[in-house]
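Let me begin by presenting the structure, written as structure tokens, before commenting on it.
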Amino acid sequence: MTKVSVIIPTFRRPDSFMRAARSVLAQRDFADFELIAVDNSPEGSALPAFELLSREVSVPFRWTHAPTPGVAQARNAALMLAEGDLVAWLDDDEEAEPGWLAALVATRHATGAQSVFGPVIARAPDGARFASFGERIYARSGPLTSGVTSQSYGIGNSLQPRSLFDGAAPFDTNTDQTGGEDDRLFASLREAGAIFAWAADARVIEHLGQERVRIRHGLKRAFAYGQGPCENAWEQRDYLTLARHMLIGAGQVVVFSAASAIVVAGSTPHALALLDRAARGAGKVFWFLEQRFYGEALAAQPI
């Protein structure tokens with residue numbers, strides 16, 4: 001039977017990590033898996049949670065402390081501990097639904113894909129003023145049925161063969177503070193002719209903190225989403241594709257900014273949705289402006 005290493009990197013979210021980990025341990029439809037955790041905070045905020053969980057679990061559970069903050073650092077450290085044939089990734093603010101792991105693996109077996117992705121249902125805190133805006137930014141949807149897809153998605157809620165990560169540091173540590181380490185990986189896979197697949201039943205819930213439903217943060221994230229395709233085109237020296245993305249982005253800025261100005265007085269949710277599209281367009285135009293998300297977390301909570 002195929003063994004899966006389920007990896008959860010975490011940064012200063014010990015309670016959220018425990019929710020994510022327990023949702024993995026509750027996967028009853030797939031028995032052969034191990035749990036890998038990495039605490040990426042300098043002070044080791046999740047280490048007591050790891051110790052507690054190690055006394056509860058009946059599956060193999062290994063963990064480590066990677067004290068140099070950086071999203072690529074954390075992923076690379078986790079892979080050093082993984083022993084499964086396949087690797088499944090769950091973010092520390094995500095909660096897997098029952099049947100999640102089985103659905104990812106079943107789609108992998110059915111398609112032979114090098115990477116399988118599943119839906120993300122974003123959930124804002126109760127009473128959040130701009131809940132629908134935050135949920136729109138962080139949700140991930142795809143085809144209604146499982147199968148091969150031409151599109152790649154983020155690495156949270158995804159599955160790959162462990163052999164795909166051969167090498168000492170498969171994730172680029174230059175992206176530690178900005179993110180996008182997964183975008184670079186999947187862009188290189190696409191260039192090499194890899195197959196991607198969508199597992200429609202492999203759902204996870206992403207629990208959004210209060211800071212992630214603020215308009216400023218959401219627009220910054222949308223801007224970064226827009227930057228991704230352009231950054232990948234630049235890395236691959238595909239300047240024609242880069243120019244095309246920038247031209248499309250400029251059009252999005254003009255059209256959606258104007259539309260949002262028209263509807264803002266009567267429909268704030270609709271206006272914010274249009275601003276989301278405008279911000280993504282601006283990201284395509286100004287793809288070279290660095291966005292630091294990990295750095296925000298470091299600044300917000302003193303070590």
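Residue names in the structure tokens use chain letters A, B, ... in the order shown, residue numbers from 1 in each chain, and ligand numbers from 1 in the order shown.
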
Residues of segment 160-249 of chain A that approach segment 10-21 of chain A to 12 Å or less, counting only C-alpha atoms: could you list each one with the shortest pair of atoms and its distance in Å to one decimal, rows by chain and increasing residue number, as a Markdown table?
```
| residue | atom | partner | partner_atom | distance |
| --- | --- | --- | --- | --- |
| A:Val204 | CA | A:Ala20 | CA | 9.6 |
| A:Ile205 | CA | A:Ala20 | CA | 9.6 |
| A:Glu206 | CA | A:Ala20 | CA | 9.6 |
| A:His207 | CA | A:Ser16 | CA | 8.5 |
| A:Leu208 | CA | A:Ser16 | CA | 10.4 |
| A:Gly209 | CA | A:Ser16 | CA | 10.2 |
```

Using 12 Å as the limit and counting only C-alpha atoms, can you tabulate each residue of segment 172-243 of chain A that touches segment 250-261 of chain A, with its shortest atom-to-atom distance in Å and the two atoms involved, as a tab-separated table?
```
residue	atom	partner	partner_atom	distance
A:Phe223	CA	A:Val253	CA	10.9
A:Gly226	CA	A:Gln252	CA	10.6
A:Ala243	CA	A:Ala250	CA	10.6
```

Please write the residues from the selection above to a file, keeping all heavy atoms, as a compact mmCIF listing (two decimals), in the first residue's frame.
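Saved file again.txt follows:
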```txt
# COMPACT_ATOMS: atom_id res chain seq x y z
N PHE A 223 -2.54 41.45 -5.01
CA PHE A 223 -1.44 41.99 -5.80
C PHE A 223 -0.37 40.93 -6.00
O PHE A 223 0.15 40.74 -7.12
CB PHE A 223 -0.87 43.22 -5.08
CG PHE A 223 0.20 43.95 -5.82
CD1 PHE A 223 -0.10 45.02 -6.64
CD2 PHE A 223 1.53 43.59 -5.68
CE1 PHE A 223 0.89 45.71 -7.33
CE2 PHE A 223 2.53 44.27 -6.35
CZ PHE A 223 2.23 45.33 -7.18
N GLY A 226 -1.32 38.30 -8.49
CA GLY A 226 -1.13 38.78 -9.85
C GLY A 226 0.32 38.73 -10.29
O GLY A 226 0.62 38.51 -11.47
N ALA A 243 5.39 40.04 -21.25
CA ALA A 243 4.78 41.23 -21.84
C ALA A 243 3.27 41.06 -21.98
O ALA A 243 2.49 42.00 -21.74
CB ALA A 243 5.41 41.52 -23.19
```

Inset, instruction - Find the residues near Trp287 of chain A: any atom within 6 Å, counting only C-alpha atoms, skip ones fewer than 3 places away on the same chain, and give them as a PyMOL selection string. - result: chain A and resi 227+283-284

Would you save the residues from that selection as a JSON list (two decimals), in the first residue's frame, using N, CA, C and O atoms?
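Output contents, as saved in part_13.json:
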```
[["chain", "number", "residue", "atom", "x", "y", "z"],
["A", 227, "GLN", "N", 1.24, 38.95, -9.35],
["A", 227, "GLN", "CA", 2.67, 38.94, -9.68],
["A", 227, "GLN", "C", 3.17, 37.55, -10.09],
["A", 227, "GLN", "O", 4.11, 37.45, -10.88],
["A", 283, "GLY", "N", -0.64, 43.79, -9.91],
["A", 283, "GLY", "CA", 0.48, 42.88, -9.64],
["A", 283, "GLY", "C", 1.17, 42.41, -10.90],
["A", 283, "GLY", "O", 2.40, 42.23, -10.92],
["A", 284, "LYS", "N", 0.40, 42.22, -11.96],
["A", 284, "LYS", "CA", 1.00, 41.83, -13.25],
["A", 284, "LYS", "C", 1.87, 42.95, -13.82],
["A", 284, "LYS", "O", 2.92, 42.70, -14.38]]
```

Inset, instruction - Write out as an NGL selection string all residues of segment 118-244 of chain A that DSSP puts in strand (DSSP E) for this structure's backbone. - result: :A and (120-123 or 147-149 or 158-161 or 196-198 or 204-207)

Legend entry - Which of segment 76-224 of chain A DSSP labels alpha helix (DSSP H), written as number ranges by chain: A: 76-79, 100-111, 131-138, 181-191, 215-224

Take the selection from the previous step and output its residues with N, CA and C atoms, as a compact mmCIF listing (two decimals), in the first residue's frame.
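Result written to selection-v9.txt:
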```
# COMPACT_ATOMS: atom_id res chain seq x y z
N ASN A 76 11.75 22.66 3.32
CA ASN A 76 12.94 21.84 3.10
C ASN A 76 13.27 21.00 4.33
N ALA A 77 13.12 21.59 5.52
CA ALA A 77 13.39 20.85 6.75
C ALA A 77 12.42 19.69 6.92
N ALA A 78 11.15 19.92 6.56
CA ALA A 78 10.15 18.85 6.68
C ALA A 78 10.46 17.68 5.76
N LEU A 79 10.88 18.00 4.55
CA LEU A 79 11.16 16.93 3.59
C LEU A 79 12.31 16.04 4.03
N TRP A 100 -10.27 13.42 3.02
CA TRP A 100 -9.35 14.30 2.28
C TRP A 100 -8.17 13.54 1.70
N LEU A 101 -7.46 12.80 2.54
CA LEU A 101 -6.24 12.14 2.08
C LEU A 101 -6.55 11.05 1.07
N ALA A 102 -7.60 10.28 1.32
CA ALA A 102 -7.99 9.23 0.38
C ALA A 102 -8.33 9.80 -0.98
N ALA A 103 -8.99 10.97 -1.01
CA ALA A 103 -9.36 11.59 -2.28
C ALA A 103 -8.14 12.04 -3.06
N LEU A 104 -7.15 12.63 -2.38
CA LEU A 104 -5.92 13.03 -3.06
C LEU A 104 -5.21 11.82 -3.67
N VAL A 105 -5.07 10.77 -2.88
CA VAL A 105 -4.34 9.59 -3.35
C VAL A 105 -5.09 8.90 -4.48
N ALA A 106 -6.42 8.82 -4.37
CA ALA A 106 -7.21 8.17 -5.43
C ALA A 106 -7.05 8.91 -6.76
N THR A 107 -7.04 10.24 -6.72
CA THR A 107 -6.87 11.01 -7.95
C THR A 107 -5.47 10.84 -8.51
N ARG A 108 -4.49 10.76 -7.64
CA ARG A 108 -3.12 10.50 -8.09
C ARG A 108 -3.04 9.15 -8.81
N HIS A 109 -3.63 8.12 -8.24
CA HIS A 109 -3.60 6.79 -8.87
C HIS A 109 -4.38 6.77 -10.18
N ALA A 110 -5.47 7.51 -10.24
CA ALA A 110 -6.31 7.50 -11.44
C ALA A 110 -5.68 8.25 -12.60
N THR A 111 -4.88 9.28 -12.29
CA THR A 111 -4.35 10.15 -13.35
C THR A 111 -2.85 10.00 -13.57
N ALA A 131 -15.92 39.78 5.80
CA ALA A 131 -15.76 38.33 5.75
C ALA A 131 -15.76 37.81 4.32
N SER A 132 -16.71 38.26 3.50
CA SER A 132 -16.81 37.72 2.15
C SER A 132 -15.60 38.09 1.30
N PHE A 133 -15.03 39.26 1.56
CA PHE A 133 -13.85 39.68 0.83
C PHE A 133 -12.66 38.78 1.16
N GLY A 134 -12.42 38.54 2.44
CA GLY A 134 -11.32 37.67 2.83
C GLY A 134 -11.52 36.24 2.34
N GLU A 135 -12.74 35.76 2.42
CA GLU A 135 -13.02 34.39 1.97
C GLU A 135 -12.81 34.26 0.46
N ARG A 136 -13.15 35.30 -0.27
CA ARG A 136 -12.95 35.27 -1.73
C ARG A 136 -11.45 35.20 -2.05
N ILE A 137 -10.64 35.99 -1.34
CA ILE A 137 -9.20 36.04 -1.60
C ILE A 137 -8.55 34.69 -1.38
N TYR A 138 -8.93 34.02 -0.30
CA TYR A 138 -8.20 32.81 0.12
C TYR A 138 -8.84 31.50 -0.31
N GLU A 181 7.49 30.10 -3.35
CA GLU A 181 8.37 28.95 -3.55
C GLU A 181 7.66 27.82 -4.27
N ASP A 182 6.35 27.69 -4.03
CA ASP A 182 5.59 26.65 -4.71
C ASP A 182 5.31 27.03 -6.17
N ASP A 183 5.09 28.31 -6.43
CA ASP A 183 4.88 28.76 -7.81
C ASP A 183 6.08 28.41 -8.68
N ARG A 184 7.27 28.63 -8.14
CA ARG A 184 8.49 28.33 -8.91
C ARG A 184 8.60 26.83 -9.16
N LEU A 185 8.27 26.03 -8.15
CA LEU A 185 8.32 24.58 -8.32
C LEU A 185 7.37 24.13 -9.42
N PHE A 186 6.13 24.58 -9.35
CA PHE A 186 5.14 24.11 -10.31
C PHE A 186 5.39 24.66 -11.71
N ALA A 187 5.95 25.86 -11.80
CA ALA A 187 6.31 26.39 -13.12
C ALA A 187 7.38 25.53 -13.77
N SER A 188 8.36 25.10 -12.98
CA SER A 188 9.41 24.24 -13.54
C SER A 188 8.86 22.88 -13.92
N LEU A 189 7.90 22.38 -13.15
CA LEU A 189 7.27 21.10 -13.49
C LEU A 189 6.48 21.21 -14.79
N ARG A 190 5.74 22.31 -14.91
CA ARG A 190 4.97 22.50 -16.14
C ARG A 190 5.90 22.57 -17.35
N GLU A 191 7.01 23.27 -17.19
CA GLU A 191 7.98 23.39 -18.28
C GLU A 191 8.53 22.03 -18.68
N ILE A 215 -8.99 44.81 4.59
CA ILE A 215 -8.93 45.15 3.17
C ILE A 215 -7.49 45.33 2.72
N ARG A 216 -6.69 46.03 3.50
CA ARG A 216 -5.32 46.30 3.08
C ARG A 216 -4.54 45.01 2.87
N HIS A 217 -4.68 44.07 3.80
CA HIS A 217 -3.97 42.80 3.67
C HIS A 217 -4.48 42.02 2.47
N GLY A 218 -5.80 42.00 2.29
CA GLY A 218 -6.38 41.25 1.18
C GLY A 218 -5.93 41.77 -0.17
N LEU A 219 -5.88 43.10 -0.32
CA LEU A 219 -5.44 43.67 -1.59
C LEU A 219 -3.95 43.41 -1.83
N LYS A 220 -3.18 43.42 -0.75
CA LYS A 220 -1.76 43.11 -0.90
C LYS A 220 -1.58 41.66 -1.37
N ARG A 221 -2.39 40.77 -0.81
CA ARG A 221 -2.33 39.36 -1.22
C ARG A 221 -2.78 39.21 -2.67
N ALA A 222 -3.83 39.90 -3.06
CA ALA A 222 -4.30 39.84 -4.45
C ALA A 222 -3.22 40.36 -5.40
N PHE A 223 -2.54 41.45 -5.01
CA PHE A 223 -1.44 41.99 -5.80
C PHE A 223 -0.37 40.93 -6.00
N ALA A 224 -0.03 40.21 -4.93
CA ALA A 224 0.99 39.16 -5.02
C ALA A 224 0.53 38.02 -5.91
```

Inset, instruction - May I ask which of the residues A:Phe288, A:Trp198, A:Asp126, A:Gly44 is the closest one to Leu242 of chain A, counting only C-alpha atoms? - result: A:Phe288

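The space between atom CA of Gln27 of chain A and atom CA of Val59 of chain A spans 11.3 Å.
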
Legend entry - Residue among A:Asp29, A:Ala279, A:Glu95, A:Gln73 lying closest to Asp172 of chain A, counting only C-alpha atoms: A:Gln73

Who sits within 7 Å of segment 88-92 of chain A, only C-alpha atoms, same chain under 4 positions skipped, as a tab-separated table (two decimals) with N, CA and C atoms, in the first residue's frame:
```
chain	number	residue	atom	x	y	z
A	4	VAL	N	2.00	7.70	2.78
A	4	VAL	CA	2.00	9.14	2.57
A	4	VAL	C	2.60	9.84	3.79
A	5	SER	N	3.48	10.78	3.53
A	5	SER	CA	3.97	11.69	4.58
A	5	SER	C	3.13	12.96	4.51
A	6	VAL	N	2.35	13.22	5.55
A	6	VAL	CA	1.55	14.45	5.62
A	6	VAL	C	2.37	15.49	6.38
A	7	ILE	N	2.67	16.60	5.72
A	7	ILE	CA	3.56	17.61	6.27
A	7	ILE	C	2.77	18.87	6.64
A	8	ILE	N	2.99	19.35	7.88
A	8	ILE	CA	2.38	20.59	8.34
A	8	ILE	C	3.48	21.50	8.89
A	9	PRO	N	3.95	22.47	8.11
A	9	PRO	CA	4.85	23.48	8.66
A	9	PRO	C	4.02	24.49	9.47
A	10	THR	N	4.58	25.01	10.55
A	10	THR	CA	3.82	25.96	11.36
A	10	THR	C	4.70	27.10	11.84
A	16	SER	N	-3.75	26.47	16.21
A	16	SER	CA	-4.20	26.17	14.86
A	16	SER	C	-3.51	24.92	14.32
A	17	PHE	N	-2.23	24.77	14.65
A	17	PHE	CA	-1.52	23.55	14.24
A	17	PHE	C	-2.21	22.32	14.81
A	20	ALA	N	-5.20	21.42	12.82
A	20	ALA	CA	-4.83	20.82	11.54
A	20	ALA	C	-4.35	19.39	11.72
A	155	ILE	N	0.61	25.08	-2.89
A	155	ILE	CA	1.02	23.78	-2.39
A	155	ILE	C	0.21	23.32	-1.18
A	156	GLY	N	-0.41	24.25	-0.44
A	156	GLY	CA	-1.30	23.84	0.62
A	156	GLY	C	-2.46	23.04	0.04
A	157	ASN	N	-2.77	21.90	0.65
A	157	ASN	CA	-3.74	20.95	0.11
A	157	ASN	C	-3.31	20.45	-1.26
A	158	SER	N	-2.18	19.76	-1.28
A	158	SER	CA	-1.70	19.15	-2.53
A	158	SER	C	-0.93	17.89	-2.20
A	159	LEU	N	-0.63	17.11	-3.23
A	159	LEU	CA	0.05	15.82	-3.09
A	159	LEU	C	1.02	15.62	-4.23
A	160	GLN	N	2.24	15.15	-3.90
A	160	GLN	CA	3.26	14.85	-4.91
A	160	GLN	C	4.03	13.60	-4.51
```

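Counting only C-alpha atoms, the residue from A:Phe130, A:Tyr239, A:Val116, A:Pro170 that sits nearest to Val148 of chain A is A:Val116.
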
Inset, instruction - Rank A:Met246, A:Ala37, A:Ala233, A:Val71 by their smallest atom-to-atom distance to Phe286 of chain A, using only C-alpha atoms, and report the top residue only. - result: A:Met246

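The coordinates place atom CA of Trp63 of chain A at 21.1 Å from atom CA of Leu164 of chain A.
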
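The space between atom CA of Thr241 of chain A and atom CA of Gly180 of chain A spans 18.4 Å.
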